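Everything below belongs to my_file_11.txt, which stores compact mmCIF, C-alpha atoms and all ligand atoms.
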```txt
# COMPACT_ATOMS: atom_id res chain seq x y z
CA MET Y 18 19.69 11.53 46.92
CA ALA Y 19 16.20 11.20 48.37
CA GLU Y 20 14.84 13.41 45.62
CA ARG Y 21 16.56 11.36 42.96
CA ALA Y 22 15.15 8.16 44.43
CA MET Y 23 11.70 9.71 44.45
CA ARG Y 24 12.08 10.63 40.82
CA THR Y 25 13.19 7.16 39.89
CA VAL Y 26 10.17 5.66 41.58
CA ARG Y 27 7.90 8.16 39.85
CA ASP Y 28 9.52 7.49 36.45
CA LEU Y 29 9.18 3.76 36.96
CA ARG Y 30 5.52 4.07 37.88
CA ARG Y 31 4.89 6.21 34.82
CA SER Y 32 6.69 3.82 32.52
CA ASN Y 33 4.73 0.85 33.92
CA ARG Y 34 1.47 2.75 33.44
CA SER Y 35 2.47 3.60 29.90
CA LEU Y 36 3.47 0.01 29.14
CA LEU Y 37 0.13 -1.43 30.26
CA LEU Y 38 -1.87 1.37 28.66
CA ARG Y 39 -0.14 0.75 25.29
CA ARG Y 40 -0.71 -3.00 25.58
CA LEU Y 41 -4.40 -2.43 26.19
CA TYR Y 42 -4.69 0.24 23.50
CA PHE Y 43 -3.10 -1.82 20.73
CA GLY Y 44 -3.98 -5.32 21.90
CA GLY Y 45 -7.03 -5.01 24.18
CA PRO Y 46 -9.30 -6.16 25.58
CA LEU Y 47 -6.95 -8.22 27.77
CA SER Y 48 -7.19 -9.70 31.25
CA ARG Y 49 -4.82 -8.91 34.10
CA GLN Y 50 -3.33 -12.38 33.59
CA ASP Y 51 -2.67 -11.58 29.90
CA LEU Y 52 -0.80 -8.45 31.01
CA ILE Y 53 1.28 -10.46 33.49
CA ASP Y 54 2.06 -13.07 30.83
CA THR Y 55 3.11 -10.55 28.15
CA THR Y 56 5.12 -8.09 30.24
CA SER Y 57 7.88 -8.46 32.80
CA LEU Y 58 5.66 -7.00 35.51
CA SER Y 59 4.69 -8.98 38.60
CA ALA Y 60 1.08 -9.81 39.43
CA ALA Y 61 1.17 -7.27 42.25
CA SER Y 62 2.50 -4.51 39.96
CA VAL Y 63 -0.08 -5.23 37.26
CA SER Y 64 -2.89 -5.20 39.79
CA ASN Y 65 -1.61 -1.97 41.32
CA VAL Y 66 -1.04 -0.16 38.02
CA VAL Y 67 -4.34 -1.31 36.51
CA GLY Y 68 -6.13 -0.09 39.64
CA GLY Y 69 -4.61 3.35 39.11
CA LEU Y 70 -5.53 3.41 35.42
CA ILE Y 71 -9.14 2.52 36.22
CA GLU Y 72 -9.29 5.13 38.97
CA ASP Y 73 -8.03 7.81 36.55
CA GLY Y 74 -10.66 6.93 33.97
CA LEU Y 75 -8.19 5.65 31.37
CA VAL Y 76 -9.14 1.97 31.51
CA VAL Y 77 -12.51 0.25 32.01
CA GLU Y 78 -13.68 -3.31 32.48
CA ALA Y 79 -15.02 -4.94 29.33
CA GLY Y 80 -16.81 -8.13 30.35
CA ALA Y 81 -15.32 -11.46 31.36
CA VAL Y 82 -14.05 -14.67 29.79
CA GLU Y 83 -14.04 -18.19 31.22
CA SER Y 84 -10.60 -19.36 32.28
CA GLU Y 85 -9.27 -22.88 32.65
CA GLY Y 86 -9.21 -22.68 36.41
CA GLY Y 87 -12.94 -22.00 36.42
CA ARG Y 88 -12.92 -18.48 37.75
CA PRO Y 89 -13.87 -16.01 34.98
CA ARG Y 90 -11.27 -13.43 34.08
CA ILE Y 91 -12.25 -9.79 33.83
CA LEU Y 92 -11.23 -8.16 30.57
CA LEU Y 93 -9.85 -4.64 30.45
CA ARG Y 94 -9.73 -2.07 27.68
CA VAL Y 95 -8.74 1.55 27.22
CA ASP Y 96 -11.78 3.80 27.60
CA GLY Y 97 -11.90 4.86 23.95
CA GLU Y 98 -15.03 6.99 24.27
CA ALA Y 99 -14.01 9.01 27.31
CA TRP Y 100 -11.14 10.84 25.61
CA HIS Y 101 -10.91 12.63 22.29
CA ALA Y 102 -8.24 13.76 19.86
CA ILE Y 103 -8.40 16.18 16.95
CA GLY Y 104 -6.51 15.72 13.69
CA VAL Y 105 -5.92 18.41 11.09
CA ASP Y 106 -4.79 17.79 7.52
CA VAL Y 107 -3.37 20.91 5.92
CA GLY Y 108 -3.48 19.77 2.31
CA GLU Y 109 -2.67 21.72 -0.78
CA THR Y 110 -6.31 21.99 -1.81
CA ARG Y 111 -8.13 22.03 1.52
CA VAL Y 112 -7.91 22.09 5.30
CA LEU Y 113 -9.65 19.12 6.95
CA VAL Y 114 -10.33 19.07 10.70
CA GLU Y 115 -11.67 15.89 12.33
CA LEU Y 116 -12.53 15.02 15.90
CA PHE Y 117 -11.95 11.41 16.95
CA THR Y 118 -12.55 9.12 19.88
CA LEU Y 119 -9.35 7.82 21.46
CA ASP Y 120 -9.54 4.73 19.24
CA LEU Y 121 -9.75 7.10 16.27
CA SER Y 122 -13.33 6.68 15.12
CA VAL Y 123 -14.38 9.98 13.61
CA LEU Y 124 -17.15 11.90 15.42
CA ALA Y 125 -17.18 15.23 13.57
CA ARG Y 126 -15.61 16.77 10.52
CA ALA Y 127 -15.14 20.25 9.04
CA GLN Y 128 -13.61 20.94 5.67
CA PHE Y 129 -12.43 24.22 4.11
CA PRO Y 130 -11.41 24.38 0.45
CA LEU Y 131 -8.28 26.36 -0.43
CA PRO Y 132 -9.07 27.56 -3.95
CA ASP Y 133 -5.73 29.38 -4.21
CA GLY Y 134 -3.65 26.65 -2.55
CA CYS Y 135 -2.21 26.70 0.94
CA GLY Y 136 0.32 29.48 0.31
CA ASP Y 137 -1.66 32.00 2.38
CA VAL Y 138 -0.75 31.07 5.94
CA GLY Y 139 -3.31 33.46 7.44
CA SER Y 140 -6.27 31.70 5.88
CA VAL Y 141 -4.91 28.26 6.78
CA VAL Y 142 -4.63 29.32 10.44
CA ARG Y 143 -8.11 30.88 10.35
CA HIS Y 144 -9.61 27.70 8.86
CA ILE Y 145 -7.96 25.55 11.53
CA HIS Y 146 -9.30 27.76 14.33
CA ASP Y 147 -12.79 27.75 12.78
CA GLY Y 148 -12.55 23.98 12.27
CA LEU Y 149 -11.65 23.34 15.91
CA GLY Y 150 -14.71 25.30 17.03
CA ALA Y 151 -16.92 23.55 14.48
CA VAL Y 152 -15.96 19.95 15.33
CA ILE Y 153 -16.15 20.55 19.08
CA ALA Y 154 -19.62 22.08 18.68
CA GLU Y 155 -20.83 19.35 16.30
CA SER Y 156 -19.63 16.47 18.46
CA GLY Y 157 -20.73 18.06 21.72
CA VAL Y 158 -17.70 16.70 23.61
CA ARG Y 159 -16.29 18.53 26.62
CA THR Y 160 -13.01 20.32 25.85
CA GLU Y 161 -11.52 18.74 29.01
CA SER Y 162 -11.80 15.36 27.29
CA ILE Y 163 -9.66 16.50 24.32
CA ILE Y 164 -6.10 15.27 24.73
CA GLY Y 165 -4.69 17.47 21.99
CA VAL Y 166 -4.66 18.57 18.38
CA GLY Y 167 -2.32 17.05 15.82
CA VAL Y 168 -1.63 19.00 12.64
CA GLY Y 169 -0.16 17.36 9.52
CA VAL Y 170 1.43 19.79 7.06
CA PRO Y 171 3.19 19.51 3.71
CA GLY Y 172 6.76 20.38 4.61
CA VAL Y 173 9.56 19.91 7.09
CA VAL Y 174 8.62 20.67 10.69
CA GLU Y 175 11.32 21.84 13.04
CA HIS Y 176 11.17 21.71 16.82
CA SER Y 177 13.98 23.82 18.19
CA VAL Y 178 14.35 23.63 21.91
CA SER Y 179 16.65 25.95 23.81
CA GLU Y 180 18.69 24.04 26.34
CA HIS Y 181 18.25 26.81 28.89
CA GLY Y 182 14.51 26.48 28.65
CA VAL Y 183 14.47 22.96 29.99
CA GLY Y 184 13.40 22.88 33.59
CA GLN Y 185 12.94 20.06 36.02
CA HIS Y 186 11.36 16.81 34.89
CA GLY Y 187 11.74 17.74 31.25
CA VAL Y 188 9.22 20.55 31.51
CA LEU Y 189 9.91 23.36 29.16
CA ASP Y 190 9.47 27.08 29.58
CA GLN Y 191 7.34 27.98 26.59
CA GLY Y 192 8.94 31.38 26.12
CA THR Y 193 12.27 29.92 25.08
CA ALA Y 194 11.13 27.32 22.59
CA GLU Y 195 9.94 27.67 19.04
CA ASN Y 196 8.24 24.44 18.13
CA GLY Y 197 6.32 23.53 15.02
CA VAL Y 198 8.14 25.79 12.55
CA VAL Y 199 7.30 24.71 9.01
CA TYR Y 200 9.56 24.80 5.95
CA GLY Y 201 7.56 23.89 2.85
CA GLN Y 202 9.67 24.82 -0.13
CA SER Y 203 7.07 23.81 -2.72
CA ILE Y 204 4.27 25.77 -1.07
CA GLY Y 205 6.25 28.88 -0.21
CA TRP Y 206 6.34 28.37 3.57
CA ASP Y 207 9.81 29.37 4.71
CA GLY Y 208 9.99 29.10 8.48
CA VAL Y 209 6.30 29.62 9.25
CA PRO Y 210 5.84 29.50 13.07
CA LEU Y 211 2.63 27.51 12.72
CA GLU Y 212 2.44 26.30 16.31
CA ARG Y 213 2.79 29.87 17.64
CA LEU Y 214 0.16 31.19 15.21
CA LEU Y 215 -2.28 28.43 16.18
CA ARG Y 216 -1.59 28.98 19.86
CA GLN Y 217 -3.19 32.44 19.56
CA GLY Y 218 -6.58 30.86 18.99
CA THR Y 219 -6.66 27.75 21.21
CA ASP Y 220 -5.31 26.50 24.49
CA LEU Y 221 -5.53 22.85 23.46
CA LEU Y 222 -2.23 20.98 23.35
CA LEU Y 223 -0.73 21.24 19.84
CA PHE Y 224 1.47 18.86 17.86
CA VAL Y 225 2.66 19.79 14.37
CA ASP Y 226 4.35 17.26 12.11
CA ASN Y 227 4.90 16.42 8.48
CA GLY Y 228 1.77 15.02 6.81
CA ALA Y 229 3.56 12.02 5.31
CA THR Y 230 4.96 11.10 8.74
CA THR Y 231 1.53 11.29 10.37
CA LEU Y 232 -0.02 9.23 7.58
CA GLY Y 233 2.79 6.71 8.02
CA GLN Y 234 2.06 6.51 11.72
CA ALA Y 235 -1.65 5.86 11.10
CA GLU Y 236 -0.88 3.11 8.58
CA MET Y 237 1.62 1.54 11.00
CA TRP Y 238 -0.87 1.63 13.89
CA PHE Y 239 -4.11 0.66 12.20
CA GLY Y 240 -3.54 0.02 8.51
CA ALA Y 241 -1.34 -1.78 6.03
CA GLY Y 242 1.80 -1.32 8.15
CA ARG Y 243 0.62 -3.35 11.14
CA GLY Y 244 3.16 -5.93 12.17
CA ALA Y 245 5.99 -4.52 10.05
CA ARG Y 246 9.23 -3.24 11.63
CA ASP Y 247 10.83 -1.82 8.46
CA ALA Y 248 8.47 -0.10 6.08
CA VAL Y 249 8.17 2.91 3.84
CA ILE Y 250 4.84 4.69 3.55
CA ALA Y 251 4.74 6.59 0.26
CA LEU Y 252 2.27 9.47 0.22
CA ILE Y 253 1.17 10.76 -3.16
CA GLY Y 254 -1.16 13.73 -3.42
CA SER Y 255 -0.44 16.91 -5.36
CA GLY Y 256 3.11 16.37 -4.20
CA VAL Y 257 5.02 13.32 -3.02
CA GLY Y 258 6.48 12.43 0.37
CA ALA Y 259 7.41 9.36 2.35
CA CYS Y 260 7.70 8.14 5.92
CA VAL Y 261 10.61 5.75 6.38
CA VAL Y 262 10.12 3.46 9.37
CA THR Y 263 13.22 1.56 10.45
CA ASP Y 264 13.06 -0.93 13.29
CA GLY Y 265 9.68 0.43 14.30
CA ALA Y 266 10.55 4.12 14.47
CA PRO Y 267 10.46 6.85 11.83
CA TYR Y 268 13.82 7.84 10.41
CA ARG Y 269 14.02 11.64 10.59
CA GLY Y 270 17.53 12.82 9.82
CA THR Y 271 19.45 15.68 11.37
CA GLY Y 272 16.96 18.42 10.49
CA ARG Y 273 13.88 16.19 10.56
CA SER Y 274 13.57 16.41 6.79
CA ALA Y 275 14.36 12.80 5.89
CA GLY Y 276 11.84 11.06 3.67
CA GLU Y 277 11.64 13.74 0.97
CA TRP Y 278 11.43 10.96 -1.57
CA GLY Y 279 9.47 13.20 -3.95
CA HIS Y 280 12.56 15.34 -4.47
CA THR Y 281 14.97 12.57 -5.31
CA THR Y 282 16.22 12.91 -8.89
CA VAL Y 283 14.84 10.34 -11.30
CA GLN Y 284 15.66 12.22 -14.50
CA VAL Y 285 18.80 14.33 -14.60
CA GLU Y 286 17.91 17.74 -16.11
CA GLY Y 287 14.31 16.56 -16.40
CA GLU Y 288 11.00 18.38 -15.85
CA ILE Y 289 11.02 21.42 -13.56
CA CYS Y 290 9.78 20.54 -10.07
CA ARG Y 291 7.87 22.81 -7.70
CA CYS Y 292 10.91 22.81 -5.41
CA GLY Y 293 12.88 24.64 -8.10
CA SER Y 294 15.05 21.69 -9.05
CA ARG Y 295 14.72 19.51 -12.12
CA GLY Y 296 13.83 15.89 -12.68
CA CYS Y 297 12.39 15.17 -9.21
CA LEU Y 298 10.14 12.13 -8.80
CA GLU Y 299 7.31 14.45 -7.74
CA ALA Y 300 7.30 16.12 -11.16
CA TYR Y 301 6.41 12.74 -12.70
CA VAL Y 302 4.17 10.95 -10.19
CA GLY Y 303 2.59 13.72 -8.06
CA ALA Y 304 -0.95 14.54 -9.22
CA GLU Y 305 0.10 18.00 -10.35
CA GLY Y 306 2.97 16.56 -12.42
CA VAL Y 307 0.82 13.78 -13.90
CA LEU Y 308 -1.88 16.24 -14.96
CA ALA Y 309 0.67 18.69 -16.38
CA GLY Y 310 2.22 15.83 -18.34
CA TYR Y 311 -1.20 14.86 -19.69
CA ARG Y 312 -2.00 18.41 -20.77
CA SER Y 313 1.29 18.90 -22.61
CA LEU Y 314 1.13 15.48 -24.25
CA SER Y 315 -2.44 16.16 -25.43
CA ALA Y 316 -1.37 19.54 -26.80
CA ALA Y 317 1.62 18.01 -28.59
CA ARG Y 318 -0.75 15.53 -30.24
CA GLY Y 319 -2.86 18.41 -31.53
CA GLY Y 320 -5.63 17.60 -29.07
CA SER Y 321 -6.43 19.25 -25.79
CA ALA Y 322 -7.18 18.27 -22.24
CA ASP Y 323 -9.98 20.84 -22.10
CA SER Y 324 -12.31 18.44 -20.34
CA LEU Y 325 -10.09 18.87 -17.25
CA SER Y 326 -10.36 22.64 -17.05
CA GLY Y 327 -12.18 23.96 -14.03
CA LEU Y 328 -11.98 20.62 -12.20
CA SER Y 329 -10.29 20.08 -8.86
CA GLU Y 330 -7.10 18.01 -8.99
CA GLU Y 331 -8.97 15.03 -7.54
CA ALA Y 332 -11.71 15.23 -10.17
CA ALA Y 333 -9.20 15.86 -12.96
CA LEU Y 334 -7.17 12.78 -12.04
CA GLY Y 335 -10.40 10.76 -11.94
CA ARG Y 336 -11.25 12.03 -15.42
CA LEU Y 337 -7.76 11.11 -16.67
CA LEU Y 338 -8.16 7.55 -15.36
CA GLU Y 339 -11.57 7.29 -17.07
CA ALA Y 340 -10.09 8.59 -20.34
CA ALA Y 341 -7.41 5.90 -20.18
CA ASP Y 342 -10.12 3.28 -19.61
CA THR Y 343 -11.89 4.35 -22.78
CA GLY Y 344 -8.66 3.93 -24.69
CA GLU Y 345 -7.61 7.56 -25.13
CA ALA Y 346 -3.98 7.32 -26.24
CA ALA Y 347 -2.54 10.37 -24.46
CA ALA Y 348 -4.17 9.36 -21.16
CA ALA Y 349 -2.94 5.76 -21.44
CA GLU Y 350 0.54 6.91 -22.35
CA ILE Y 351 0.85 9.33 -19.43
CA LEU Y 352 -0.27 6.60 -17.00
CA GLU Y 353 2.34 4.28 -18.47
CA ARG Y 354 4.96 6.95 -17.82
CA THR Y 355 3.63 7.44 -14.28
CA ALA Y 356 3.89 3.70 -13.55
CA LEU Y 357 7.41 3.64 -14.94
CA PHE Y 358 8.65 6.48 -12.73
CA LEU Y 359 6.74 5.24 -9.71
CA GLY Y 360 8.14 1.73 -10.10
CA ALA Y 361 11.68 3.09 -10.47
CA GLY Y 362 11.18 5.41 -7.48
CA ILE Y 363 10.01 2.47 -5.37
CA ALA Y 364 12.99 0.42 -6.54
CA ASN Y 365 15.22 3.21 -5.17
CA LEU Y 366 13.45 2.90 -1.79
CA ILE Y 367 13.92 -0.87 -1.82
CA ASN Y 368 17.62 -0.59 -2.62
CA LEU Y 369 18.24 2.15 -0.04
CA PHE Y 370 16.21 0.91 2.92
CA ASN Y 371 15.51 -2.79 2.34
CA PRO Y 372 11.97 -2.46 3.77
CA GLU Y 373 9.73 -5.47 4.23
CA ARG Y 374 6.75 -3.45 3.06
CA ILE Y 375 6.12 -0.39 0.90
CA ILE Y 376 2.70 1.13 1.42
CA LEU Y 377 1.30 3.38 -1.28
CA GLY Y 378 -1.10 5.95 0.15
CA GLY Y 379 -2.41 9.48 -0.24
CA TRP Y 380 -5.45 10.30 -2.37
CA ALA Y 381 -3.56 10.23 -5.67
CA GLY Y 382 -1.46 7.23 -4.61
CA LEU Y 383 -4.61 5.22 -3.93
CA ALA Y 384 -6.33 6.38 -7.15
CA LEU Y 385 -3.28 5.62 -9.30
CA GLY Y 386 -2.31 2.52 -7.36
CA SER Y 387 -5.70 0.83 -7.64
CA ARG Y 388 -5.12 0.78 -11.39
CA LEU Y 389 -1.32 0.70 -11.77
CA LEU Y 390 -0.17 -1.49 -8.86
CA PRO Y 391 0.57 -4.68 -10.85
CA THR Y 392 2.64 -2.70 -13.39
CA VAL Y 393 4.38 -0.72 -10.65
CA ARG Y 394 5.34 -3.97 -8.90
CA GLU Y 395 6.71 -5.41 -12.09
CA ILE Y 396 8.75 -2.29 -12.90
CA ALA Y 397 10.08 -2.03 -9.33
CA GLY Y 398 11.20 -5.65 -9.70
CA ARG Y 399 13.04 -4.75 -12.87
CA TYR Y 400 14.93 -1.81 -11.34
CA ALA Y 401 15.57 -3.05 -7.78
CA LEU Y 402 18.27 -5.46 -6.69
CA ARG Y 403 16.83 -8.97 -6.68
CA HIS Y 404 17.79 -9.85 -3.10
CA ALA Y 405 16.06 -6.84 -1.58
CA TYR Y 406 13.08 -6.94 -3.94
CA ALA Y 407 12.36 -10.57 -3.10
CA ARG Y 408 11.98 -9.67 0.58
CA SER Y 409 9.67 -6.72 0.08
CA GLU Y 410 6.03 -6.33 -0.81
CA ILE Y 411 4.29 -3.33 -2.35
CA VAL Y 412 0.74 -2.79 -1.11
CA LEU Y 413 -1.93 -0.09 -1.04
CA GLY Y 414 -2.68 1.86 2.13
CA ARG Y 415 -5.79 0.68 3.96
CA LEU Y 416 -6.94 3.86 5.64
CA GLY Y 417 -8.33 5.73 2.66
CA PRO Y 418 -7.49 9.14 1.27
CA ASP Y 419 -8.31 11.07 4.45
CA ALA Y 420 -5.76 9.27 6.59
CA VAL Y 421 -3.58 12.34 7.10
CA ALA Y 422 -6.06 13.87 9.57
CA ARG Y 423 -6.37 10.54 11.38
CA GLY Y 424 -2.59 10.24 11.32
CA ALA Y 425 -2.26 13.72 12.79
CA ALA Y 426 -4.59 12.65 15.60
CA THR Y 427 -2.15 9.85 16.47
CA LEU Y 428 0.32 12.52 17.65
CA PRO Y 429 -1.65 13.49 20.78
CA VAL Y 430 -2.68 9.84 21.24
CA ALA Y 431 0.99 8.78 21.21
CA ARG Y 432 1.72 11.34 23.88
CA PHE Y 433 -1.31 10.23 25.90
CA LEU Y 434 -0.06 6.65 25.79
CA ALA Y 435 3.53 7.61 26.58
CA THR Y 436 2.66 9.77 29.57
CA ALA Y 437 -0.27 7.56 30.58
CA GLY Y 438 -2.41 10.43 31.56
CA PRO Y 439 -4.62 13.29 30.46
CA PRO Y 440 -2.80 16.40 29.24
CA ALA Y 441 -1.74 19.41 31.20
CA ARG Y 442 -3.27 22.49 29.62
CA ALA Y 443 -0.94 24.03 27.10
CA ALA Y 444 -1.14 27.36 28.90
CA GLY Y 445 0.99 25.83 31.65
CA ALA Y 446 3.90 24.02 30.16
CA VAL Y 447 4.82 21.80 27.29
CA LEU Y 448 6.46 18.45 27.83
CA LEU Y 449 9.91 18.35 26.35
CA GLU Y 450 9.91 14.65 25.75
CA ARG Y 451 8.24 14.12 22.43
CA PRO Y 452 7.33 10.48 22.54
CA ASP Y 453 8.67 8.50 19.68
CA PRO Y 454 5.41 8.10 17.80
CA VAL Y 455 5.73 4.70 16.19
CA ALA Y 456 8.29 3.00 18.38
CA ASP Y 457 7.30 0.16 20.61
CA PHE Y 458 3.60 0.06 19.98
CA GLY Y 459 3.45 -3.72 19.93
ZN ZN Y 501 11.62 18.70 -6.35
```

Spit out the file's structure as structure tokens when you get a sec.
Ligand SMILES: [Zn+2]
Amino acid sequence: MAERAMRTVRDLRRSNRSLLLRRLYFGGPLSRQDLIDTTSLSAASVSNVVGGLIEDGLVVEAGAVESEGGRPRILLRVDGEAWHAIGVDVGETRVLVELFTLDLSVLARAQFPLPDGCGDVGSVVRHIHDGLGAVIAESGVRTESIIGVGVGVPGVVEHSVSEHGVGQHGVLDQGTAENGVVYGQSIGWDGVPLERLLRQGTDLLLFVDNGATTLGQAEMWFGAGRGARDAVIALIGSGVGACVVTDGAPYRGTGRSAGEWGHTTVQVEGEICRCGSRGCLEAYVGAEGVLAGYRSLSAARGGSADSLSGLSEEAALGRLLEAADTGEAAAAEILERTALFLGAGIANLINLFNPERIILGGWAGLALGSRLLPTVREIAGRYALRHAYARSEIVLGRLGPDAVARGAATLPVARFLATAGPPARAAGAVLLERPDPVADFG
């Protein structure tokens, strides 16, 4: 009984610390009075908890404001510069590693092209290890200040946890768990134990998740998703994914693979998709599908898309957009087709999830969207049910094309906020409770 009571007190203290830390992280700087006014905590609790957070180096004073009573109020904020997080974007054309302050300003960056794609797991792992070393050296931060490494990958990420491995207080015996196993059907990753492979080269805390989900989290925290409770973040790069946020939390499904919007069928028996099926949305609006469509249309017209050969996908898509601007018929036609399928695909999202906001992101999503957004909106309006369409808006992501790495860095930050403390070294134990990344960040 006594032990249970102790645990309850400890849990309560931790949840109060986490509550105030999140308030300050997302809404700071705030005064102690602001924290009292916007939480259910008493003045004594706020004072006590804030004192602890300051003592542990998580929160600092940030000046003062005049108050009505005359006595100035001290403002508080999370110490964004004292702690660091690393985000990794495993893309299909490159591995990007970035080191951030706690408020996710980038301090150092290392990039490794993948000329043959990301199919070779060994080189991806090697690049990530090299990247971690490079960004830590470039930024000069102490490794003790790094709260963890988030890795965003193209594919479904499974975290299987053996029940027998769960010890006291939700602490997990590492030997019995296999976390961060990646299934990426389009890239040939079938059960790649990425977290275990990465563990062999670093003792920093690791978090592996789907790239679209991490991008969605970054947009919800800092970008176009702020303030929305029901949103879909559509990520278009080479391939296509989505993060569905319902009532503030990502919808994951039974095997964590929900949101594979790119592999919903938009054309029965249509173009072959990289997943092996036919007629998937990705085959029509993913950069690879758009460029393939352009090449075959050019060839059918007796022309060629030779000017694209040897270019990266990013450069080739840029060239295609320029060609359409100069009035080249095949380029204009393929963009029309892209807008049509994208609009219809978005209408499906609106009808299925009734989101208040759909955020178009990813490097290709931003490039295509900056030109096609008005048409895409109009087509989505044509295909969606009127009631749902009228209550939704379709906007571009605000965080730029590199938001996957930043999004990945939100994974350790979310844990930092949820546990309200610096990380235990991974060599010891891993926390079982994976904090719900988007939920309750208001
Ligand atoms: Zn597919």

If you count only C-alpha atoms and all ligand atoms, which residues end up within 9 Å of ligand ZN 501 (chain Y), as an mmCIF file with C-alpha atoms, in the coordinates of the input?
```
data_model
loop_
_atom_site.group_PDB
_atom_site.id
_atom_site.type_symbol
_atom_site.label_atom_id
_atom_site.label_comp_id
_atom_site.auth_asym_id
_atom_site.auth_seq_id
_atom_site.Cartn_x
_atom_site.Cartn_y
_atom_site.Cartn_z
ATOM 1 C CA GLN Y 202 9.670 24.820 -0.130
ATOM 2 C CA SER Y 203 7.070 23.810 -2.720
ATOM 3 C CA GLU Y 277 11.640 13.740 0.970
ATOM 4 C CA GLY Y 279 9.470 13.200 -3.950
ATOM 5 C CA HIS Y 280 12.560 15.340 -4.470
ATOM 6 C CA THR Y 281 14.970 12.570 -5.310
ATOM 7 C CA THR Y 282 16.220 12.910 -8.890
ATOM 8 C CA ILE Y 289 11.020 21.420 -13.560
ATOM 9 C CA CYS Y 290 9.780 20.540 -10.070
ATOM 10 C CA ARG Y 291 7.870 22.810 -7.700
ATOM 11 C CA CYS Y 292 10.910 22.810 -5.410
ATOM 12 C CA GLY Y 293 12.880 24.640 -8.100
ATOM 13 C CA SER Y 294 15.050 21.690 -9.050
ATOM 14 C CA ARG Y 295 14.720 19.510 -12.120
ATOM 15 C CA GLY Y 296 13.830 15.890 -12.680
ATOM 16 C CA CYS Y 297 12.390 15.170 -9.210
ATOM 17 C CA LEU Y 298 10.140 12.130 -8.800
ATOM 18 C CA GLU Y 299 7.310 14.450 -7.740
ATOM 19 C CA ALA Y 300 7.300 16.120 -11.160
#
```

| message | Under the rule that only C-alpha atoms are counted, which of Y:Pro46, Y:Thr56, Y:Trp238, Y:Gly208 is the nearest residue to Gly80 of chain Y? | response |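 When distances to Gly80 of chain Y are compared using only C-alpha atoms, the smallest one comes from Y:Pro46.
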
| For segment 52-54 of chain Y: contacts at 10 Å, all atoms listed in the file, fewer than 5 positions along chain excluded, given as a VMD selection string | chain Y and resid 36 to 37 40 to 41 45 47 59 to 64 67 93

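Nearest-residue note for Thr219 of chain Y: choosing from Y:Ala235, Y:Val249, Y:Val123, Y:Val166, the minimum distance belongs to Y:Val166, counting all atoms listed in the file.
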
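Compared by their closest atoms to Gly169 of chain Y, and using all atoms listed in the file, the residues Y:Phe43, Y:Phe117, Y:Phe239, Y:Phe224 rank with Y:Phe224 nearest.
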
| note | Shortest contact to Glu353 of chain Y, candidates Y:Leu214, Y:Val95, Y:Leu389, Y:Glu305, atoms counted all atoms listed in the file, goes to Y:Leu389

| message | Applying 7 Å and all atoms listed in the file, which residues near Arg423 of chain Y remain after dropping the ones on its own chain fewer than 3 positions away? List them as a ChimeraX atom specification. | response | /Y:104,121,235,420,426-427

| Residues near Arg273 of chain Y, cut-off 10 Å, only C-alpha atoms, skip fewer than 4 positions along chain, as a count of residues only | 8

| field | Shell around Leu413 of chain Y at 7 Å using only C-alpha atoms, local window under 6 positions removed, as a list in words | value |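 My list of contacting residues is Ile376, Leu377, Gly378, Leu383 and Gly386 of chain Y.
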